[in-house]
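As structure tokens, the structure follows; a few thoughts come after it.
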Amino acid sequence: MQERLELLFETFLKVRSVAKVMREFNDRGLELPRRDRHGDLHWTRATTSAVAAILKNPAYAGAFVYGRTRLRKPSDGRSPTKAPKPIEQWRIIVKDRYPAYIAWQSYEKIRGIVSDNRAEYMRNKTRGAPREGELLLQGIAWCGRCGHKMYARYKGGAEYVCNHLRSHQGLPACQYIRAHRVDAAVAQAFLTALAPAEIDALSCARRAQQQTYKAIRSNAEQQLERRRYESALAERQFNRVDPDNRLVAAELERRWEEALKEVRAAEEALARFESPQAIAQITVGNKALNDKVVRLSGRLPAIWTDPSTTDAKRKALLRCLIDKVILDRGEHDVVRVRIVWRGGAVTEIEVKMRVNSAASLTQGAEMRERVLKLARTKMHDDEIAAMLTNEGHRSPNCPDKVLPITVQRIRLHAGLKGLTEQRTRWRHSPDLLSAQELAGVLNIPVNWLYVQIRQGRLLIDRHSSGAHLFSNTSHVIEAVRKLHNHEFDHLDLRITEPHEEGHSHG
Ligand SMILES: [Zn+2]
């Protein structure tokens, strides 16, 4: 134990940082001795707090010290906490009290380095108020895995990083989350929450909340009044009793005391309603903020996107309503985002992230299977892409659709050749329309056409290239429009049956 502690001091004087000592000990598999509260010795993995506690303990320099900490009473009425005092304010120092592991001068030097490091760390950590270009959630992003604060990193693309386990315990970093989409999704949720309709609902909820509060409060007031009356009655009864009748007097005295206790309990209950916490809860963001927000809400989307609005202002606006945002990267391509609003309400959203390959997508395997199956039916890459988009799939680098290039990659990777005509497929004769072109003419989504084709409501031959081609004639265009308007419930455009027919099956 003594050797290990000596090594710890030596290492620190060499590397001059608690975190580096922690890492060096963990890398070499060296544990630290700790005594639990029963005084039993345990060997545990080095953490920054354990290393710092040993480095700062004057007993290892042989000194007995009294008064290293003082009690600090927080102003908000919570229980007091211990705060360290600077070394020159320690009340009693008896040097050479224990066998020393390090000289007192080394001890003072170590304390100096630790406090310099800390000052530097605080300077870096608190460097300025929100700056331009900084990420929206900087300072309010928390790790959904370990519960620590995440920091924003700008090196090689902005991201939120949870580094706590790595920097304090030498374990692998918890999670890295690319910032761009998460920021956009939270901003969206924020603007949605502030839409005028939502604000109305919020004001209604607040009014209801206030009414409930008033009702409960007046109940508590009545309760107190009743208790005071009962207590006064008990007092009068006690005063009127013949003091010689001791049994009765004792009983009445007991009742009076009971009544007084009840009064005190009722007073306390009422006082809780008037505590700053209770009032804060009912009025949080309510008066000034709510009024401002109502006035702003209609203009907010415009203000938010205005180029003259600074990032710092956006962050400040966001913090008016959002306490913190908890991020948790799932197994694959989805980040779960929990927005904790002021007042405690929670919104949960899922953000789809860019990933490196289709295999990293949640539905990657399923999509690959679909691509290969459709490619074997000689369908075009862009048709497959449109169809899969419609089925809810997406490309790794695209949040809401499947790109033909993704289809092509999957296909080629599986060794499936594309159609030879693929490069020239749009050079079809002008009396034919591709699905894309027909959709353009009718001003309808092309996906709708593919859905009709897949579900057999629209029957059409395939061109030798594999593409679906429509005759560029007014009656074909008109017929498809009618299908779209639900005037037909299916349409057969196959060349083997040259006339389109609308069947009604009721
Ligand atoms: Zn974490």
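Each chain in the structure tokens gets a letter, A, B, ..., in the order shown, and its residues are numbered from 1; ligands are numbered from 1 in order too.
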| query | Quick one: residues within 10 Å of ligand 1, with only C-alpha atoms and all ligand atoms, as number ranges by chain? | reply | A: 142-150, 161-166, 172-176, 327-328
Those same residues, written as a CSV table (one decimal), in the first residue's frame with N, CA and C atoms?
```csv
chain,number,residue,atom,x,y,z
A,142,TRP,N,-27.2,16.5,-22.2
A,142,TRP,CA,-26.9,15.5,-21.2
A,142,TRP,C,-26.9,14.1,-21.8
A,143,CYS,N,-26.0,13.3,-21.2
A,143,CYS,CA,-25.8,11.9,-21.8
A,143,CYS,C,-27.0,11.0,-21.2
A,144,GLY,N,-27.7,10.4,-22.1
A,144,GLY,CA,-28.8,9.5,-21.7
A,144,GLY,C,-28.3,8.1,-21.2
A,145,ARG,N,-27.0,7.9,-21.4
A,145,ARG,CA,-26.5,6.6,-20.9
A,145,ARG,C,-25.9,6.6,-19.5
A,146,CYS,N,-25.1,7.7,-19.2
A,146,CYS,CA,-24.5,7.7,-17.9
A,146,CYS,C,-24.9,8.9,-17.1
A,147,GLY,N,-25.7,9.8,-17.7
A,147,GLY,CA,-26.3,10.9,-16.9
A,147,GLY,C,-25.4,12.1,-16.7
A,148,HIS,N,-24.2,12.1,-17.4
A,148,HIS,CA,-23.4,13.3,-17.2
A,148,HIS,C,-23.6,14.3,-18.4
A,149,LYS,N,-23.1,15.5,-18.1
A,149,LYS,CA,-23.2,16.5,-19.1
A,149,LYS,C,-22.3,16.2,-20.3
A,150,MET,N,-22.8,16.5,-21.5
A,150,MET,CA,-22.0,16.3,-22.7
A,150,MET,C,-21.4,17.6,-23.1
A,161,VAL,N,-20.3,15.1,-27.2
A,161,VAL,CA,-19.5,14.0,-26.8
A,161,VAL,C,-19.7,13.8,-25.3
A,162,CYS,N,-19.9,12.6,-24.9
A,162,CYS,CA,-19.9,12.3,-23.4
A,162,CYS,C,-18.6,11.7,-23.1
A,163,ASN,N,-17.8,12.4,-22.4
A,163,ASN,CA,-16.4,12.0,-22.2
A,163,ASN,C,-16.2,11.7,-20.7
A,164,HIS,N,-17.3,11.7,-19.9
A,164,HIS,CA,-17.1,11.6,-18.5
A,164,HIS,C,-16.4,10.3,-18.1
A,165,LEU,N,-16.9,9.2,-18.6
A,165,LEU,CA,-16.3,7.9,-18.1
A,165,LEU,C,-14.9,7.8,-18.6
A,166,ARG,N,-14.5,8.4,-19.7
A,166,ARG,CA,-13.2,8.3,-20.2
A,166,ARG,C,-12.2,9.2,-19.3
A,172,PRO,N,-13.8,3.6,-21.9
A,172,PRO,CA,-14.1,4.2,-23.2
A,172,PRO,C,-15.2,5.2,-23.2
A,173,ALA,N,-15.1,6.3,-24.0
A,173,ALA,CA,-16.1,7.3,-24.0
A,173,ALA,C,-17.5,6.7,-24.3
A,174,CYS,N,-18.4,7.4,-23.7
A,174,CYS,CA,-19.8,6.9,-23.7
A,174,CYS,C,-20.4,6.9,-25.1
A,175,GLN,N,-20.5,8.1,-25.6
A,175,GLN,CA,-21.1,8.3,-27.0
A,175,GLN,C,-20.8,9.6,-27.6
A,176,TYR,N,-20.7,9.5,-28.9
A,176,TYR,CA,-20.5,10.7,-29.8
A,176,TYR,C,-21.8,10.9,-30.6
A,327,LEU,N,-29.6,13.0,-24.6
A,327,LEU,CA,-29.4,12.4,-25.9
A,327,LEU,C,-28.9,10.9,-25.6
A,328,ASP,N,-29.5,10.0,-26.4
A,328,ASP,CA,-29.1,8.6,-26.3
A,328,ASP,C,-29.1,8.0,-27.7
```
When you look at stretch 394-398 of chain A with a cut-off of 6 Å (counting only C-alpha atoms), what residues show up, excluding the ones that are within fewer than 2 positions of it in the same chain? I need them as a CSV table (one decimal) with N, CA and C atoms, in the first residue's frame.
```csv
chain,number,residue,atom,x,y,z
A,354,ARG,N,-27.2,10.3,-40.0
A,354,ARG,CA,-26.4,9.8,-41.1
A,354,ARG,C,-25.6,8.6,-40.5
A,355,VAL,N,-25.5,7.6,-41.3
A,355,VAL,CA,-24.6,6.5,-40.9
A,355,VAL,C,-23.7,6.2,-42.1
A,357,SER,N,-23.0,3.2,-43.6
A,357,SER,CA,-23.4,2.3,-44.6
A,357,SER,C,-24.8,1.8,-44.3
A,358,ALA,N,-25.4,1.2,-45.4
A,358,ALA,CA,-26.8,0.8,-45.2
A,358,ALA,C,-26.9,-0.3,-44.1
A,400,ASP,N,-34.8,11.0,-45.2
A,400,ASP,CA,-36.2,10.7,-45.5
A,400,ASP,C,-36.4,10.0,-46.9
A,401,LYS,N,-35.3,9.6,-47.5
A,401,LYS,CA,-35.6,8.9,-48.8
A,401,LYS,C,-34.4,7.9,-49.2
A,402,VAL,N,-34.7,7.0,-50.1
A,402,VAL,CA,-33.7,6.1,-50.6
A,402,VAL,C,-33.2,6.7,-51.9
```
| task | List every residue of stretch 1-154 of chain A that DSSP, applied to the backbone, labels as helix (DSSP H, G or I), and write the result as an MDAnalysis selection string. | result | chainID A and resid 2:15 18:27 48:56 58:61 87:89 104:125
Prev. selection, C-alpha atoms, output as a compact mmCIF listing (two decimals), in the first residue's frame:
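File selection.txt, as written:
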```txt
# COMPACT_ATOMS: atom_id res chain seq x y z
CA GLN A 2 2.80 2.40 0.93
CA GLU A 3 4.68 1.64 -2.32
CA ARG A 4 1.55 2.18 -4.39
CA LEU A 5 0.90 5.55 -2.74
CA GLU A 6 4.50 6.62 -3.18
CA LEU A 7 4.24 5.67 -6.85
CA LEU A 8 1.10 7.78 -7.09
CA PHE A 9 2.86 10.89 -5.74
CA GLU A 10 5.92 10.27 -7.93
CA THR A 11 3.76 9.79 -11.01
CA PHE A 12 1.85 12.97 -10.30
CA LEU A 13 5.00 15.05 -9.88
CA LYS A 14 6.12 13.66 -13.26
CA VAL A 15 2.92 14.00 -15.33
CA VAL A 18 -4.79 13.93 -12.01
CA ALA A 19 -6.36 12.56 -15.19
CA LYS A 20 -3.00 11.44 -16.53
CA VAL A 21 -2.17 9.67 -13.28
CA MET A 22 -5.55 7.97 -13.44
CA ARG A 23 -4.94 6.85 -17.03
CA GLU A 24 -1.41 5.68 -16.34
CA PHE A 25 -2.53 3.60 -13.36
CA ASN A 26 -5.41 2.08 -15.31
CA ASP A 27 -3.25 1.35 -18.34
CA THR A 48 -9.92 10.97 -10.81
CA SER A 49 -11.72 11.58 -7.53
CA ALA A 50 -9.79 8.80 -5.74
CA VAL A 51 -6.47 10.08 -7.10
CA ALA A 52 -7.32 13.66 -6.15
CA ALA A 53 -8.47 12.63 -2.66
CA ILE A 54 -5.14 10.92 -1.97
CA LEU A 55 -3.09 13.76 -3.43
CA LYS A 56 -4.93 16.32 -1.32
CA PRO A 58 -2.26 16.03 4.25
CA ALA A 59 -1.99 12.83 6.30
CA TYR A 60 0.26 11.39 3.58
CA ALA A 61 2.65 14.25 4.17
CA ILE A 87 -4.46 25.82 2.90
CA GLU A 88 -3.57 29.07 4.68
CA GLN A 89 -6.93 29.02 6.46
CA TRP A 104 5.59 18.70 3.22
CA GLN A 105 7.14 20.84 0.48
CA SER A 106 6.17 18.23 -2.15
CA TYR A 107 2.70 18.21 -0.67
CA GLU A 108 2.38 21.97 -1.00
CA LYS A 109 3.76 21.78 -4.52
CA ILE A 110 1.19 19.11 -5.46
CA ARG A 111 -1.63 21.25 -4.10
CA GLY A 112 -0.33 24.16 -6.15
CA ILE A 113 -0.32 22.13 -9.37
CA VAL A 114 -3.80 20.73 -8.71
CA SER A 115 -5.23 24.17 -8.07
CA ASP A 116 -3.52 25.64 -11.15
CA ASN A 117 -4.91 22.80 -13.25
CA ARG A 118 -8.33 23.43 -11.82
CA ALA A 119 -8.18 27.16 -12.54
CA GLU A 120 -7.13 26.38 -16.11
CA TYR A 121 -9.91 23.81 -16.45
CA MET A 122 -12.53 26.26 -15.17
CA ARG A 123 -11.22 28.92 -17.56
CA ASN A 124 -11.62 26.53 -20.46
CA LYS A 125 -14.91 25.15 -19.32
```
| query | Counting only C-alpha atoms, which of A:Pro301, A:Pro445, A:Gly330, A:Pro80 gets nearest to A:Thr362? | reply |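 Among the listed residues, the smallest separation from A:Thr362 belongs to A:Gly330.
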| field | Proximity to A:Ala365 - best of A:Leu469, A:Val340, A:Leu247, A:Ile410, only C-alpha atoms | value | A:Ile410
| request: Output as a ChimeraX atom specification all residues of stretch 250-494 of chain A that backbone DSSP marks as strand (DSSP E). | output: /A:322-329,334-341,346-352,432-434,458-459,469-471,491-492
Store the residues picked out above in a file with N, CA and C atoms, as a JSON list (two decimals), in the first residue's frame.
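So the final result, stored in part-v2.json, reads:
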```
[["chain", "number", "residue", "atom", "x", "y", "z"],
["A", 322, "ILE", "N", -36.39, 25.47, -22.36],
["A", 322, "ILE", "CA", -35.86, 24.11, -22.23],
["A", 322, "ILE", "C", -34.80, 24.06, -21.14],
["A", 323, "ASP", "N", -34.99, 23.15, -20.21],
["A", 323, "ASP", "CA", -34.03, 22.96, -19.12],
["A", 323, "ASP", "C", -32.83, 22.16, -19.59],
["A", 324, "LYS", "N", -33.13, 20.99, -20.14],
["A", 324, "LYS", "CA", -32.03, 20.19, -20.66],
["A", 324, "LYS", "C", -32.53, 19.23, -21.72],
["A", 325, "VAL", "N", -31.58, 18.70, -22.47],
["A", 325, "VAL", "CA", -31.91, 17.78, -23.55],
["A", 325, "VAL", "C", -31.04, 16.55, -23.35],
["A", 326, "ILE", "N", -31.70, 15.41, -23.23],
["A", 326, "ILE", "CA", -30.96, 14.18, -22.94],
["A", 326, "ILE", "C", -30.84, 13.37, -24.22],
["A", 327, "LEU", "N", -29.63, 13.03, -24.57],
["A", 327, "LEU", "CA", -29.37, 12.37, -25.85],
["A", 327, "LEU", "C", -28.92, 10.93, -25.63],
["A", 328, "ASP", "N", -29.50, 10.04, -26.41],
["A", 328, "ASP", "CA", -29.09, 8.64, -26.29],
["A", 328, "ASP", "C", -29.05, 8.03, -27.68],
["A", 329, "ARG", "N", -27.85, 7.70, -28.10],
["A", 329, "ARG", "CA", -27.70, 7.09, -29.41],
["A", 329, "ARG", "C", -28.03, 5.62, -29.29],
["A", 334, "VAL", "N", -30.54, 5.81, -35.01],
["A", 334, "VAL", "CA", -31.53, 6.68, -34.39],
["A", 334, "VAL", "C", -30.99, 7.23, -33.07],
["A", 335, "VAL", "N", -31.16, 8.54, -32.87],
["A", 335, "VAL", "CA", -30.83, 9.12, -31.57],
["A", 335, "VAL", "C", -32.14, 9.44, -30.87],
["A", 336, "ARG", "N", -32.28, 8.94, -29.65],
["A", 336, "ARG", "CA", -33.46, 9.28, -28.87],
["A", 336, "ARG", "C", -33.18, 10.58, -28.13],
["A", 337, "VAL", "N", -34.08, 11.55, -28.31],
["A", 337, "VAL", "CA", -33.88, 12.88, -27.73],
["A", 337, "VAL", "C", -35.02, 13.14, -26.76],
["A", 338, "ARG", "N", -34.67, 13.38, -25.50],
["A", 338, "ARG", "CA", -35.69, 13.75, -24.51],
["A", 338, "ARG", "C", -35.51, 15.21, -24.16],
["A", 339, "ILE", "N", -36.50, 16.01, -24.49],
["A", 339, "ILE", "CA", -36.43, 17.44, -24.17],
["A", 339, "ILE", "C", -37.15, 17.64, -22.85],
["A", 340, "VAL", "N", -36.43, 18.16, -21.86],
["A", 340, "VAL", "CA", -37.06, 18.45, -20.57],
["A", 340, "VAL", "C", -37.33, 19.94, -20.53],
["A", 341, "TRP", "N", -38.62, 20.29, -20.56],
["A", 341, "TRP", "CA", -39.02, 21.69, -20.57],
["A", 341, "TRP", "C", -38.97, 22.23, -19.17],
["A", 346, "VAL", "N", -41.99, 16.68, -20.52],
["A", 346, "VAL", "CA", -40.97, 16.02, -21.33],
["A", 346, "VAL", "C", -41.51, 15.73, -22.72],
["A", 347, "THR", "N", -40.70, 16.00, -23.73],
["A", 347, "THR", "CA", -41.04, 15.62, -25.09],
["A", 347, "THR", "C", -39.98, 14.65, -25.58],
["A", 348, "GLU", "N", -40.42, 13.54, -26.16],
["A", 348, "GLU", "CA", -39.43, 12.60, -26.68],
["A", 348, "GLU", "C", -39.52, 12.56, -28.19],
["A", 349, "ILE", "N", -38.37, 12.69, -28.84],
["A", 349, "ILE", "CA", -38.36, 12.55, -30.29],
["A", 349, "ILE", "C", -37.24, 11.62, -30.71],
["A", 350, "GLU", "N", -37.36, 11.08, -31.91],
["A", 350, "GLU", "CA", -36.30, 10.25, -32.44],
["A", 350, "GLU", "C", -35.72, 10.94, -33.65],
["A", 351, "VAL", "N", -34.41, 11.02, -33.71],
["A", 351, "VAL", "CA", -33.76, 11.70, -34.82],
["A", 351, "VAL", "C", -32.98, 10.67, -35.62],
["A", 352, "LYS", "N", -33.25, 10.63, -36.93],
["A", 352, "LYS", "CA", -32.52, 9.69, -37.78],
["A", 352, "LYS", "C", -31.18, 10.30, -38.15],
["A", 432, "LEU", "N", -44.00, 8.50, -75.66],
["A", 432, "LEU", "CA", -44.10, 7.76, -74.41],
["A", 432, "LEU", "C", -43.69, 8.66, -73.25],
["A", 433, "LEU", "N", -44.30, 8.40, -72.08],
["A", 433, "LEU", "CA", -43.95, 9.16, -70.88],
["A", 433, "LEU", "C", -43.41, 8.20, -69.83],
["A", 434, "SER", "N", -42.34, 8.60, -69.15],
["A", 434, "SER", "CA", -41.88, 7.81, -68.00],
["A", 434, "SER", "C", -42.82, 8.11, -66.83],
["A", 458, "LEU", "N", -53.08, -0.23, -60.98],
["A", 458, "LEU", "CA", -52.70, 0.31, -62.28],
["A", 458, "LEU", "C", -51.87, -0.76, -62.99],
["A", 459, "LEU", "N", -52.45, -1.31, -64.07],
["A", 459, "LEU", "CA", -51.74, -2.37, -64.79],
["A", 459, "LEU", "C", -51.08, -1.77, -66.01],
["A", 469, "LEU", "N", -43.55, 2.69, -68.97],
["A", 469, "LEU", "CA", -43.75, 3.82, -69.88],
["A", 469, "LEU", "C", -45.23, 3.94, -70.22],
["A", 470, "PHE", "N", -45.70, 5.16, -70.24],
["A", 470, "PHE", "CA", -47.11, 5.43, -70.50],
["A", 470, "PHE", "C", -47.24, 6.10, -71.87],
["A", 471, "SER", "N", -48.31, 5.79, -72.60],
["A", 471, "SER", "CA", -48.55, 6.48, -73.87],
["A", 471, "SER", "C", -48.80, 7.95, -73.59],
["A", 491, "LEU", "N", -57.15, 0.56, -63.18],
["A", 491, "LEU", "CA", -56.95, 1.01, -64.56],
["A", 491, "LEU", "C", -55.99, 0.06, -65.25],
["A", 492, "ASP", "N", -56.38, -0.41, -66.43],
["A", 492, "ASP", "CA", -55.52, -1.35, -67.16],
["A", 492, "ASP", "C", -54.99, -0.68, -68.42]]
```
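Residues lying within 9 Å of stretch 221-231 of chain A, counting only C-alpha atoms and ignoring same-chain neighbours fewer than 4 positions away, are Ile216, Arg217, Glu235, Arg236, Arg255, Trp256, Glu257, Glu258, Ala259, Leu260, Glu262, Val263, Arg264, Ala265, Ala266, Glu267, Ala269 and Leu270 of chain A.
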Can I get the selection written as a compact mmCIF listing (two decimals), in the first residue's frame, with N, CA and C atoms?
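New file out_5.txt:
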```txt
# COMPACT_ATOMS: atom_id res chain seq x y z
N ILE A 216 -56.99 24.42 -3.53
CA ILE A 216 -56.30 23.70 -2.47
C ILE A 216 -55.85 24.65 -1.37
N ARG A 217 -55.41 25.83 -1.79
CA ARG A 217 -54.92 26.81 -0.84
C ARG A 217 -56.04 27.31 0.05
N GLU A 235 -59.22 25.73 24.92
CA GLU A 235 -58.60 26.60 25.92
C GLU A 235 -59.64 27.10 26.92
N ARG A 236 -60.78 27.57 26.38
CA ARG A 236 -61.85 28.08 27.27
C ARG A 236 -62.33 26.99 28.21
N ARG A 255 -56.42 17.76 25.71
CA ARG A 255 -57.17 18.10 24.49
C ARG A 255 -56.71 19.45 23.93
N TRP A 256 -56.45 20.37 24.81
CA TRP A 256 -56.02 21.71 24.38
C TRP A 256 -54.66 21.61 23.67
N GLU A 257 -53.78 20.82 24.28
CA GLU A 257 -52.46 20.64 23.65
C GLU A 257 -52.59 20.00 22.27
N GLU A 258 -53.46 18.98 22.18
CA GLU A 258 -53.71 18.33 20.88
C GLU A 258 -54.15 19.37 19.85
N ALA A 259 -55.11 20.22 20.30
CA ALA A 259 -55.66 21.23 19.38
C ALA A 259 -54.57 22.19 18.92
N LEU A 260 -53.68 22.55 19.85
CA LEU A 260 -52.59 23.45 19.48
C LEU A 260 -51.67 22.80 18.44
N GLU A 262 -52.53 20.59 16.25
CA GLU A 262 -53.25 20.61 14.97
C GLU A 262 -53.13 21.98 14.31
N VAL A 263 -53.21 23.02 15.14
CA VAL A 263 -53.09 24.38 14.59
C VAL A 263 -51.71 24.54 13.94
N ARG A 264 -50.67 24.09 14.68
CA ARG A 264 -49.32 24.23 14.12
C ARG A 264 -49.19 23.47 12.80
N ALA A 265 -49.77 22.25 12.74
CA ALA A 265 -49.68 21.44 11.51
C ALA A 265 -50.36 22.18 10.36
N ALA A 266 -51.54 22.77 10.65
CA ALA A 266 -52.28 23.48 9.60
C ALA A 266 -51.51 24.71 9.15
N GLU A 267 -50.85 25.39 10.11
CA GLU A 267 -50.05 26.57 9.76
C GLU A 267 -48.90 26.18 8.84
N ALA A 269 -48.78 23.57 6.90
CA ALA A 269 -49.31 23.19 5.58
C ALA A 269 -49.54 24.43 4.72
N LEU A 270 -50.08 25.46 5.34
CA LEU A 270 -50.35 26.68 4.60
C LEU A 270 -49.05 27.37 4.19
```
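Proximity of A:Leu41, A:Leu416, A:Val446, A:Ile93 to A:Asp382, computed with only C-alpha atoms, is greatest for A:Val446.
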| message | Residues near stretch 366-376 of chain A, anyone? I mean within 10 Å using only C-alpha atoms, not counting same-chain ones fewer than 3 positions away, as a ChimeraX atom specification. | response | /A:358-359,361-363,379-381,383-385,387-388,391-395,402,406-408,410-412,414-419
| Length of the atom CA of A:Ser17 to atom CA of A:Arg68 vector [Å] |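 Distance between the two atoms: 22.2 Å.
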| query | Which residues, written as a ChimeraX atom specification, have at least one atom at most 7 Å from stretch 249-254 of chain A, with only C-alpha atoms counted and residues fewer than 5 positions away on the same chain left out? | reply | /A:234,237-238,241,243
